[in-house]
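As stored in coords.csv (CSV, C-alpha atoms and all ligand atoms):
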chain,number,residue,atom,x,y,z
P,1,GLN,CA,104.3,119.0,64.5
P,2,LYS,CA,106.4,115.8,64.6
P,3,GLU,CA,109.4,118.0,64.1
P,4,GLY,CA,111.3,115.5,62.1
P,5,TYR,CA,110.5,112.5,64.2
P,6,ARG,CA,108.7,109.6,62.6
P,7,PHE,CA,106.0,109.4,65.3
P,8,PHE,CA,104.7,111.5,68.2
P,9,MET,CA,105.8,108.7,70.5
P,10,GLU,CA,109.4,109.1,69.3
P,11,LYS,CA,109.3,112.8,69.7
P,12,GLU,CA,107.8,112.4,73.2
P,13,ILE,CA,110.5,109.9,74.1
P,14,TYR,CA,113.2,112.4,73.1
P,15,GLU,CA,111.4,115.2,74.9
P,16,GLN,CA,111.6,113.5,78.3
P,17,SER,CA,115.0,115.0,79.2
P,18,ILE,CA,113.6,118.5,78.8
P,19,VAL,CA,110.1,118.2,80.2
P,20,VAL,CA,111.5,116.5,83.3
P,21,SER,CA,113.5,119.7,84.0
P,22,ASP,CA,110.3,121.7,83.7
P,23,CYS,CA,108.7,119.3,86.1
P,24,MET,CA,111.4,120.0,88.7
P,25,LEU,CA,111.6,123.7,88.1
P,26,GLY,CA,111.0,125.7,91.3
P,27,ARG,CA,110.3,122.5,93.2
P,28,ILE,CA,114.0,121.9,94.0
P,29,LYS,CA,115.5,124.7,95.8
P,30,ASP,CA,119.1,124.3,97.0
P,31,SER,CA,118.8,121.6,99.6
P,32,GLU,CA,115.0,121.5,99.8
P,33,ILE,CA,112.0,120.2,98.0
P,34,ASN,CA,109.1,122.5,97.8
P,35,PHE,CA,105.5,122.2,96.5
P,36,ASP,CA,103.7,125.5,96.6
P,37,GLU,CA,100.5,123.8,95.5
P,38,ILE,CA,100.1,121.7,98.6
P,39,ASP,CA,99.5,122.8,102.1
P,40,PRO,CA,102.5,122.0,104.4
P,41,SER,CA,100.1,120.6,106.9
P,42,ILE,CA,98.9,118.0,104.4
P,43,LEU,CA,100.3,115.1,106.5
P,44,ASP,CA,98.7,116.3,109.7
P,45,GLY,CA,96.7,113.3,111.1
P,46,ILE,CA,97.9,111.1,108.2
P,47,ASN,CA,99.2,107.6,109.0
P,48,GLU,CA,98.9,106.0,105.6
P,49,ILE,CA,98.9,106.7,101.8
P,50,LYS,CA,96.6,105.0,99.4
P,51,ILE,CA,97.2,105.3,95.7
P,52,CYS,CA,94.8,104.6,92.8
P,53,ALA,CA,95.5,104.8,89.1
P,54,CYS,CA,95.3,102.8,85.8
P,55,GLY,CA,97.8,101.6,83.2
P,56,THR,CA,101.0,103.4,83.0
P,57,SER,CA,100.0,105.8,85.8
P,58,TYR,CA,99.5,102.8,88.0
P,59,HIS,CA,103.1,101.7,87.3
P,60,ALA,CA,104.3,105.2,88.4
P,61,GLY,CA,102.2,104.8,91.5
P,62,LEU,CA,103.6,101.3,92.2
P,63,THR,CA,107.2,102.7,91.8
P,64,SER,CA,106.4,105.4,94.3
P,65,SER,CA,104.9,102.9,96.9
P,66,TYR,CA,108.5,101.7,97.4
P,67,LEU,CA,109.8,105.3,97.8
P,68,PHE,CA,107.1,106.4,100.2
P,69,GLU,CA,107.8,103.5,102.5
P,70,ARG,CA,111.6,103.6,102.0
P,71,LEU,CA,112.1,107.3,102.3
P,72,SER,CA,109.1,108.9,104.0
P,73,LYS,CA,108.4,105.8,106.2
P,74,ILE,CA,104.7,106.1,105.6
P,75,LYS,CA,102.7,103.0,105.0
P,76,CYS,CA,101.6,102.9,101.4
P,77,SER,CA,99.3,100.7,99.4
P,78,ILE,CA,98.2,101.0,95.8
P,79,GLU,CA,95.4,99.6,93.8
P,80,VAL,CA,94.2,99.5,90.2
P,81,ALA,CA,91.3,102.0,90.2
P,82,SER,CA,88.8,99.6,88.5
P,83,GLU,CA,89.3,97.1,91.3
P,84,PHE,CA,89.3,99.5,94.1
P,85,ARG,CA,85.9,100.9,93.3
P,86,TYR,CA,83.9,97.7,93.7
P,87,LYS,CA,85.6,96.0,96.5
P,88,GLU,CA,83.9,98.0,99.2
P,89,PRO,CA,87.2,99.4,100.5
P,90,LEU,CA,87.6,100.4,104.1
P,91,LEU,CA,88.5,104.0,104.0
P,92,THR,CA,89.8,105.9,107.1
P,93,THR,CA,90.4,109.6,107.4
P,94,ASP,CA,94.0,109.1,108.5
P,95,THR,CA,94.7,108.1,104.9
P,96,LEU,CA,96.0,110.5,102.2
P,97,PHE,CA,94.4,109.4,99.0
P,98,ILE,CA,96.6,110.0,95.9
P,99,VAL,CA,95.4,109.5,92.3
P,100,ILE,CA,97.7,109.6,89.3
P,101,SER,CA,96.5,110.3,85.8
P,102,GLN,CA,98.0,111.8,82.7
P,103,SER,CA,94.6,113.0,81.4
P,104,GLY,CA,92.8,113.6,84.6
P,105,GLU,CA,89.7,112.1,82.9
P,106,THR,CA,90.1,108.3,83.3
P,107,ALA,CA,86.7,107.2,84.5
P,108,ASP,CA,87.7,104.6,87.0
P,109,THR,CA,90.4,106.8,88.6
P,110,LEU,CA,88.0,109.7,88.7
P,111,GLU,CA,85.3,107.6,90.4
P,112,ALA,CA,87.8,106.3,92.9
P,113,LEU,CA,88.8,109.8,93.7
P,114,LYS,CA,85.2,110.9,94.2
P,115,MET,CA,84.6,107.9,96.5
P,116,ALA,CA,87.6,108.8,98.7
P,117,LYS,CA,86.6,112.4,98.8
P,118,SER,CA,83.1,111.7,99.9
P,119,ALA,CA,84.4,109.4,102.6
P,120,GLY,CA,86.2,112.4,104.0
P,121,LEU,CA,89.8,111.6,103.0
P,122,LYS,CA,92.3,114.2,102.0
P,123,THR,CA,92.9,113.9,98.3
P,124,LEU,CA,95.7,114.7,96.0
P,125,VAL,CA,95.9,114.3,92.2
P,126,ILE,CA,99.1,114.1,90.2
P,127,CYS,CA,98.1,115.1,86.7
P,128,ASN,CA,99.3,116.4,83.4
P,129,VAL,CA,96.2,118.3,82.4
P,130,ASP,CA,95.3,121.5,84.3
P,131,ASN,CA,91.6,122.0,84.9
P,132,SER,CA,90.8,118.4,84.1
P,133,SER,CA,88.0,116.6,86.0
P,134,MET,CA,90.3,115.2,88.6
P,135,THR,CA,92.0,118.5,89.3
P,136,ARG,CA,88.5,119.9,89.9
P,137,VAL,CA,87.6,117.2,92.5
P,138,ALA,CA,90.8,116.7,94.4
P,139,ASP,CA,91.8,118.9,97.4
P,140,TYR,CA,95.3,119.3,96.0
P,141,THR,CA,96.8,119.1,92.5
P,142,ILE,CA,100.4,118.6,91.5
P,143,LEU,CA,100.9,119.1,87.8
P,144,THR,CA,103.5,117.1,86.0
P,145,ARG,CA,104.2,119.7,83.3
P,146,ALA,CA,105.0,117.1,80.6
P,147,GLY,CA,103.3,119.1,77.9
P,148,ILE,CA,100.7,117.5,75.5
P,149,GLU,CA,101.2,113.8,75.1
P,150,LYS,CA,99.8,112.6,71.8
P,151,GLY,CA,101.0,109.1,71.5
P,152,VAL,CA,98.5,106.7,73.0
P,153,ALA,CA,101.5,104.8,74.5
P,154,SER,CA,102.4,107.0,77.4
P,155,THR,CA,106.0,108.0,77.8
P,156,LYS,CA,106.8,111.4,79.2
P,157,ALA,CA,103.8,111.3,81.4
P,158,PHE,CA,105.3,108.3,83.2
P,159,SER,CA,108.8,109.8,83.7
P,160,THR,CA,107.4,113.1,85.0
P,161,GLN,CA,104.9,111.3,87.3
P,162,THR,CA,107.7,109.2,88.7
P,163,VAL,CA,109.8,112.3,89.3
P,164,VAL,CA,107.0,114.2,91.0
P,165,LEU,CA,106.3,111.1,93.3
P,166,TRP,CA,110.0,110.8,94.1
P,167,MET,CA,110.2,114.5,95.0
P,168,LEU,CA,107.0,114.1,97.1
P,169,SER,CA,108.4,111.2,99.0
P,170,LEU,CA,111.4,113.3,99.9
P,171,TYR,CA,109.2,116.3,100.8
P,172,PHE,CA,107.3,114.0,103.1
P,173,ALA,CA,110.5,112.4,104.4
P,174,LYS,CA,111.7,115.9,105.4
P,175,GLN,CA,108.4,116.7,107.1
P,176,ARG,CA,108.4,113.4,109.0
P,177,ASN,CA,112.1,113.7,109.9
P,178,THR,CA,112.8,110.3,108.4
P,179,ILE,CA,115.8,111.5,106.3
P,180,SER,CA,119.1,113.0,107.4
P,181,SER,CA,120.1,116.3,105.7
P,182,SER,CA,123.0,114.7,104.0
P,183,LYS,CA,120.9,111.9,102.6
P,184,LEU,CA,118.3,114.5,101.4
P,185,GLN,CA,121.1,116.5,99.8
P,186,GLU,CA,122.3,113.3,98.1
P,187,GLU,CA,118.9,112.5,96.7
P,188,ILE,CA,118.4,116.1,95.5
P,189,ASN,CA,121.7,116.0,93.7
P,190,THR,CA,120.6,112.8,92.1
P,191,LEU,CA,117.3,114.3,91.0
P,192,ARG,CA,119.3,117.0,89.2
P,193,GLU,CA,120.9,114.3,87.2
P,194,VAL,CA,117.6,112.8,85.9
P,195,PRO,CA,117.5,115.0,82.7
P,196,LEU,CA,120.8,113.5,81.7
P,197,ALA,CA,119.6,110.0,82.5
P,198,LEU,CA,116.6,110.5,80.3
P,199,LYS,CA,118.6,111.6,77.3
P,200,VAL,CA,118.4,109.4,74.3
P,201,TYR,CA,121.9,108.3,73.3
P,202,GLU,CA,122.4,107.3,69.7
P,203,ASN,CA,124.1,104.0,70.6
P,204,ILE,CA,121.0,102.9,72.7
P,205,HIS,CA,118.6,103.8,69.9
P,206,GLU,CA,120.7,102.0,67.3
P,207,LYS,CA,120.9,98.9,69.6
P,208,ALA,CA,117.1,99.0,70.0
P,209,LYS,CA,116.7,99.2,66.2
P,210,ARG,CA,119.1,96.2,65.7
P,211,LEU,CA,117.4,94.1,68.3
P,212,SER,CA,113.9,94.8,66.9
P,213,LYS,CA,114.8,92.8,63.8
P,214,ARG,CA,114.9,89.6,65.7
P,215,TYR,CA,112.7,90.4,68.6
P,216,LEU,CA,109.6,90.8,66.5
P,217,HIS,CA,109.6,87.1,66.1
P,218,GLY,CA,109.5,86.4,69.8
P,219,HIS,CA,106.6,84.2,70.8
P,220,GLY,CA,106.5,85.7,74.3
P,221,PHE,CA,108.3,88.2,76.4
P,222,PHE,CA,109.0,88.3,80.1
P,223,PHE,CA,110.2,91.6,81.5
P,224,ILE,CA,111.7,91.1,84.9
P,225,GLY,CA,113.0,93.2,87.7
P,226,ARG,CA,113.1,93.7,91.4
P,227,ASP,CA,112.1,96.5,93.7
P,228,VAL,CA,111.2,99.6,91.7
P,229,PHE,CA,112.5,97.7,88.6
P,230,TYR,CA,109.4,95.5,89.0
P,231,PRO,CA,107.0,98.3,88.1
P,232,LEU,CA,109.4,99.3,85.4
P,233,ALA,CA,109.2,95.8,84.0
P,234,LEU,CA,105.4,96.0,84.0
P,235,GLU,CA,105.7,99.3,82.2
P,236,GLY,CA,108.2,97.8,79.6
P,237,ALA,CA,105.8,94.9,79.0
P,238,LEU,CA,102.7,97.2,78.7
P,239,LYS,CA,104.6,99.4,76.1
P,240,LEU,CA,105.4,96.3,74.0
P,241,LYS,CA,101.9,94.9,74.2
P,242,GLU,CA,100.1,98.0,73.3
P,243,ILE,CA,102.0,99.0,70.2
P,244,SER,CA,103.5,95.8,68.9
P,245,TYR,CA,100.7,93.4,69.9
P,246,LEU,CA,103.2,90.8,71.0
P,247,HIS,CA,102.5,88.9,74.2
P,248,ALA,CA,104.5,90.3,77.1
P,249,GLU,CA,104.4,90.0,80.8
P,250,GLY,CA,106.0,92.0,83.5
P,251,TYR,CA,107.1,89.9,86.5
P,252,PRO,CA,108.9,90.3,89.8
P,253,ALA,CA,112.2,88.5,89.0
P,254,GLY,CA,112.0,86.5,92.3
P,255,GLU,CA,108.6,85.1,91.4
P,256,MET,CA,109.7,83.4,88.1
P,257,LYS,CA,110.6,80.2,89.9
P,258,HIS,CA,107.1,80.0,91.3
P,259,GLY,CA,105.6,79.0,88.0
P,260,PRO,CA,106.4,81.2,85.0
P,261,ILE,CA,109.9,79.7,84.5
P,262,ALA,CA,108.1,76.6,83.2
P,263,LEU,CA,107.7,78.6,80.0
P,264,ALA,CA,111.4,79.1,79.4
P,265,ASP,CA,112.7,78.1,76.0
P,266,PRO,CA,114.8,79.8,73.3
P,267,GLU,CA,111.8,81.5,71.8
P,268,LEU,CA,110.9,83.1,75.1
P,269,PHE,CA,112.7,86.4,75.4
P,270,THR,CA,113.5,87.6,78.8
P,271,ILE,CA,114.2,91.3,79.1
P,272,ALA,CA,116.1,91.5,82.4
P,273,LEU,CA,116.5,94.8,84.2
P,274,MET,CA,119.8,94.4,86.1
P,275,PRO,CA,120.6,97.6,88.0
P,276,LYS,CA,124.0,97.8,89.6
P,277,ASN,CA,122.7,99.7,92.6
P,278,MET,CA,119.7,97.6,93.5
P,279,LEU,CA,119.8,93.9,94.5
P,280,TYR,CA,122.2,93.1,91.6
P,281,ASP,CA,123.3,89.7,92.9
P,282,LYS,CA,119.7,88.7,93.5
P,283,ILE,CA,118.5,89.6,90.0
P,284,LYS,CA,121.6,88.0,88.5
P,285,SER,CA,120.9,84.7,90.1
P,286,ASN,CA,117.2,84.9,88.9
P,287,VAL,CA,118.5,85.5,85.3
P,288,GLU,CA,121.0,82.7,85.6
P,289,GLU,CA,118.1,80.3,86.4
P,290,LEU,CA,116.3,81.4,83.2
P,291,SER,CA,119.4,81.2,81.1
P,292,ALA,CA,120.1,77.7,82.4
P,293,ARG,CA,116.6,76.8,81.1
P,294,ASP,CA,117.4,78.2,77.6
P,295,SER,CA,115.4,81.4,77.7
P,296,THR,CA,116.9,84.1,75.4
P,297,ILE,CA,118.2,86.8,77.7
P,298,CYS,CA,118.4,90.5,76.8
P,299,ALA,CA,120.1,92.2,79.8
P,300,ILE,CA,119.7,95.9,80.3
P,301,SER,CA,122.5,97.0,82.6
P,302,SER,CA,125.7,99.0,83.0
P,303,GLN,CA,127.4,95.8,84.2
P,304,ASP,CA,128.7,93.2,81.7
P,305,PHE,CA,126.8,90.0,82.1
P,306,GLU,CA,128.4,87.0,80.3
P,307,LEU,CA,125.2,84.9,80.1
P,308,ALA,CA,123.2,87.6,78.2
P,309,ASP,CA,122.4,86.7,74.6
P,310,ASP,CA,121.8,90.3,73.9
P,311,PHE,CA,122.8,93.3,75.9
P,312,ILE,CA,121.7,97.0,76.1
P,313,LYS,CA,124.5,98.7,77.9
P,314,ILE,CA,123.3,101.8,79.8
P,315,ASN,CA,125.6,104.4,81.4
P,316,ASP,CA,127.1,103.7,84.7
P,317,ALA,CA,125.3,105.5,87.5
P,318,ASN,CA,125.6,105.6,91.3
P,319,HIS,CA,121.9,105.7,92.2
P,320,TYR,CA,119.3,103.1,91.3
P,321,MET,CA,116.8,105.8,90.2
P,322,LEU,CA,119.2,107.0,87.5
P,323,GLU,CA,119.5,103.5,86.3
P,324,PHE,CA,115.7,103.3,86.3
P,325,PHE,CA,115.3,106.3,83.9
P,326,GLU,CA,118.1,105.1,81.6
P,327,MET,CA,116.4,101.7,81.4
P,328,LEU,CA,113.0,103.3,80.8
P,329,ILE,CA,114.4,105.0,77.7
P,330,ALA,CA,115.8,101.7,76.4
P,331,LEU,CA,112.5,99.9,77.0
P,332,GLN,CA,110.4,102.7,75.3
P,333,LEU,CA,112.8,102.6,72.2
P,334,LEU,CA,112.8,98.9,72.0
P,335,SER,CA,109.0,98.6,71.9
P,336,MET,CA,108.7,101.5,69.5
P,337,GLU,CA,111.3,100.0,67.1
P,338,ILE,CA,109.6,96.6,67.1
P,339,SER,CA,106.3,98.3,66.4
P,340,ILE,CA,107.7,100.3,63.5
P,341,ARG,CA,109.3,97.2,62.0
P,342,LEU,CA,105.9,95.4,62.3
P,343,LYS,CA,104.4,98.4,60.4
P,344,ASN,CA,102.0,99.1,63.1
P,345,ASP,CA,100.5,102.6,63.8
P,346,VAL,CA,102.8,103.5,66.7
P,347,ASP,CA,100.8,106.5,67.8
P,348,MET,CA,97.3,105.1,67.4
P,349,PRO,CA,97.5,101.4,68.3
P,350,ARG,CA,94.4,99.3,67.5
P,351,ASN,CA,91.6,99.1,70.0
P,352,LEU,CA,93.1,101.8,72.2
P,353,ALA,CA,92.1,105.4,73.0
P,354,LYS,CA,94.3,108.0,74.6
P,355,SER,CA,91.9,108.6,77.4
P,356,VAL,CA,89.5,106.0,78.7
P,357,THR,CA,86.4,107.9,79.9
P,358,VAL,CA,84.2,104.9,80.1
P,359,GLU,CA,84.3,102.1,82.7
O,1,LIG,O1,95.3,109.4,81.6
O,1,LIG,P1,95.6,108.3,82.6
O,1,LIG,O2,97.0,108.4,83.0
O,1,LIG,O3,94.6,108.2,83.7
O,1,LIG,O4,95.5,107.0,81.7
O,1,LIG,C1,95.7,105.7,82.3
O,1,LIG,C2,95.9,104.6,81.2
O,1,LIG,O5,94.7,104.5,80.4
O,1,LIG,C3,97.1,104.9,80.4
O,1,LIG,O6,98.2,105.0,81.2
O,1,LIG,C4,97.3,103.7,79.4
O,1,LIG,O7,97.6,102.6,80.1
O,1,LIG,C5,98.4,104.1,78.4
O,1,LIG,N1,98.0,103.8,77.0
O,1,LIG,C6,99.7,103.4,78.6
O,1,LIG,O8,100.6,103.6,77.7
Turn this file's structure into structure tokens for me.
Ligand code: M6R
Amino acid sequence: QKEGYRFFMEKEIYEQSIVVSDCMLGRIKDSEINFDEIDPSILDGINEIKICACGTSYHAGLTSSYLFERLSKIKCSIEVASEFRYKEPLLTTDTLFIVISQSGETADTLEALKMAKSAGLKTLVICNVDNSSMTRVADYTILTRAGIEKGVASTKAFSTQTVVLWMLSLYFAKQRNTISSSKLQEEINTLREVPLALKVYENIHEKAKRLSKRYLHGHGFFFIGRDVFYPLALEGALKLKEISYLHAEGYPAGEMKHGPIALADPELFTIALMPKNMLYDKIKSNVEELSARDSTICAISSQDFELADDFIKINDANHYMLEFFEMLIALQLLSMEISIRLKNDVDMPRNLAKSVTVE
């Protein structure tokens, strides 16, 4: 079933370009976004969005929190489900409660959903598994249509969740009248380019293989980014941790100088997400600071950056979300290649299970 790929994770990385098209099928119509599965009145009486999820799904949620505020102009907050449950959260019925889960079975997320539902909130699950526990509890379900994901390290679930959430933020923006028709059309045109952005190009895969030789000796990794590239940095670090067992941290690039930069030395690898279309000059100066303190820099960007010790060059794009997906592929490949070189079990990393159904 691996169809010639070495691991399910590899197959699933390569599948993203296709499954993301399935995920958009019928939901993008000419110049509109459409979700048959939700009631068009879903936002009636809603002033706020609250998101709960775990792991990679949390990273998709954090990405979308930027999009809901930027595009739909709806206040949005997000919490890790296990923290949310026990903090005695104040829940109000003007909040749309969104949970995100590949499996639909993660215990903490399911319990958070039940709490919100019993407090009378409207609930929506973004999920990959139809008829899973969460889809049975939530008022509305949007399926991500990623197909079965076997690798414990989540890949295609993340890209499809992110696309659903991006489409949802545009759907809400249209409903709330916070987006002009020309801007909406531009975003829709960009969405249509996502399958291409998620294609695995041979040169990127080769580069990831080459870098993995040296990077497996890193004594620590920082993945840094700004805006939506911060959750992407978290996701890159999580991938590396879970399958290579190397210490990695995702950080907002602007926060490095508030402490973590003290760790900089040549053995500390910084994976810098440097999108041309989002705060490029800001991230550039954050990376310059790290380079000046001798951290080894691996830049992922379409723009040449002379201070980079290593470079993964992605295709040029004119929208930050396209850069986001291109970088995602590079990050997934890099962690997988390091894991393979370390002779780890890429699909079944130690201590982990595909679905965490206990607290
Ligand atoms: O099935 P879920 O999306 O609810 O799972 C949440 C996390 O357990 C999951 O994303 C986990 O972090 C992955 N192993 C990450 O690759």
At most 7 Å from ligand LIG 1 (chain O) (all atoms listed in the file): residue list as a ChimeraX atom specification: /P:53-57,100-106,109,152-155,238-239,354-356
Near-P:Tyr230 list (12 Å; only C-alpha atoms; drop same-chain fewer than 5 positions) as a ChimeraX atom specification: /P:59-60,62-66,222-225,235-237,249-255,271-275,278-279,283,324,328
Nearest to P:Glu359 among P:His217, P:Lys2, P:Arg85, P:Lys343, with distances taken over all atoms listed in the file: which residue is it?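 For P:Glu359, the nearest of the given residues is P:Arg85.
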P:Ala353, P:Leu43, P:Ile49, P:Leu240 ranked by distance to P:Leu67, top pick (using all atoms listed in the file): P:Ile49
Restricting the calculation to all atoms listed in the file, which member of P:Val164, P:Val20, P:Leu143, P:Ala138 is positioned closest to P:Ile33?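 Between P:Val164, P:Val20, P:Leu143, P:Ala138, the residue approaching P:Ile33 most closely is P:Val164.
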Please indicate the distance in Å from atom CA of P:Thr357 to atom CA of P:Ser132, rounded to one decimal place. 12.1 Å
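The two atoms in question, atom CA of P:Ile28 and atom CA of P:Leu232, are spaced 24.6 Å apart.
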